[in-house]
Structure formats: C-alpha cells, structure tokens
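Colleague: Input: one structure, supplied below.
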Amino acid sequence: MWKKGSRVIAVAEELEKFRELLQISDLYDIAAAIRGPDIRFSDGLKWALTFPIRDIVIHGEDPIDTILHHMCPENLDDIFNDLEHIEGSLGHYLNHIRNAIIALSHLIEIPQAVKNYALNYIDVIWKAWIAIREDLQTELNKAMKRKKELAQCWEMLCHEHYDWEVW
C-alpha cells in the first residue's frame, strides 16, 4: 500500500529527476553500461569493462588510472581464453560499453590516446568472438595480432602516464 507521506513524494520526485537525466543521451549510455553484462561466463568482461565505468562514475576514480588498471593486457588474455565459452548477447553488451566510453569522454577529460585504446580493446574482443563463433582462423589471427599491438600500446600509455617502464 502506497502512502502519500513525504518519503514517498520525495522518492517520486527523485525518480522524476532521474528520468529527466536519462533523457540526456550521454547519461543514458553511461547508466546502461553500469549495469553489466547479461552474459554467461562473463566475469572477465565485467572486471575489464564494466568495473572501470562504475569506478569512474560512482567512485570518482581517475579515468586514466582506472582504464589502464582494468583494461590491461593480462585481462584481455583472460577474456580471449573465455571467448569460446561466453554465451549471450556480447555485441549488445560491448555496444553499451563502447557508448559509455564515448559518453564519458564528452563529460570528463580522457586523453584521446586512452579513449582510442579503450575502444580498440572493446573492438578486438568483438572481432575475436566473431572469428571464434564463425570458425574464421584468418580473422582470429588478425585479432591475436591486434591484441599484441594493444599490449604495446598499453605499455606506451603506462610509460607516458606513470613515467615508468612496464616489465
């Protein structure tokens, strides 16, 4: 039973504000990505892709640190190892993550190189998953090559951002 008390009215007012905020496409894109994947065997995806967005938005963490920490080569290796087992709408999930990275770059400062790295990280997961699903060895080899290139890019970004060498 709903009461017309001040608490119910306050919640209704906050929900209305939330609905209005979600009309802003960048905020909707971020909110959609925070939810995480509806995909089986997706813990690696959640750690590498959903958590950075949550950490930046909810906890106010530095976007560069967060992206480089979560979207690292080791996590990409783990995701690649899990790709053949992943079940669900991976493309739908990756599209939400991609849109959220772009939306965040509209709202906060994310260097172009870090943004490009994140978008390429997402794209190579998609390309590898398709190659595995369609049994396209040539395309999988291309994705594996891009994964190695992304590892080099990650090292360069870490060197630039932290002024240290990656072992």
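Chain lettering (A, B, ...) mirrors the order of the structure tokens, residue numbering begins at 1 for each chain separately, and ligand numbering begins at 1 in order of display.
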Report as a count of residues only all protein, DNA and RNA residues lying within 6 Å of range 93-103 of chain A, evaluated on only C-alpha atoms, omitting residues in the same chain fewer than 5 positions from it.

Modeller: 5

Colleague: Name the residues in contact with range 39-55 of chain A at a cut-off of 9 Å, using only C-alpha atoms, excluding same-chain residues fewer than 4 positions from it; report them as a ChimeraX atom specification.

Modeller: /A:30,33-35,59-63,66-67,69-72,75-76,78-79,82-83,85-90,93-94,97,100-101,104,118,122

Colleague: Taking the backbone alone, and naming residues the way the document does, which bits of chain A are alpha helix (DSSP H) by DSSP, as an NGL selection string?

Modeller: :A and (6-22 or 25-34 or 43-45 or 51-57 or 63-70 or 73-82 or 90-107 or 112-134 or 137-162)

Colleague: Do you have the CA of Lys147 in chain A-CA of Asp38 in chain A distance handy?

Modeller: 24.4 Å
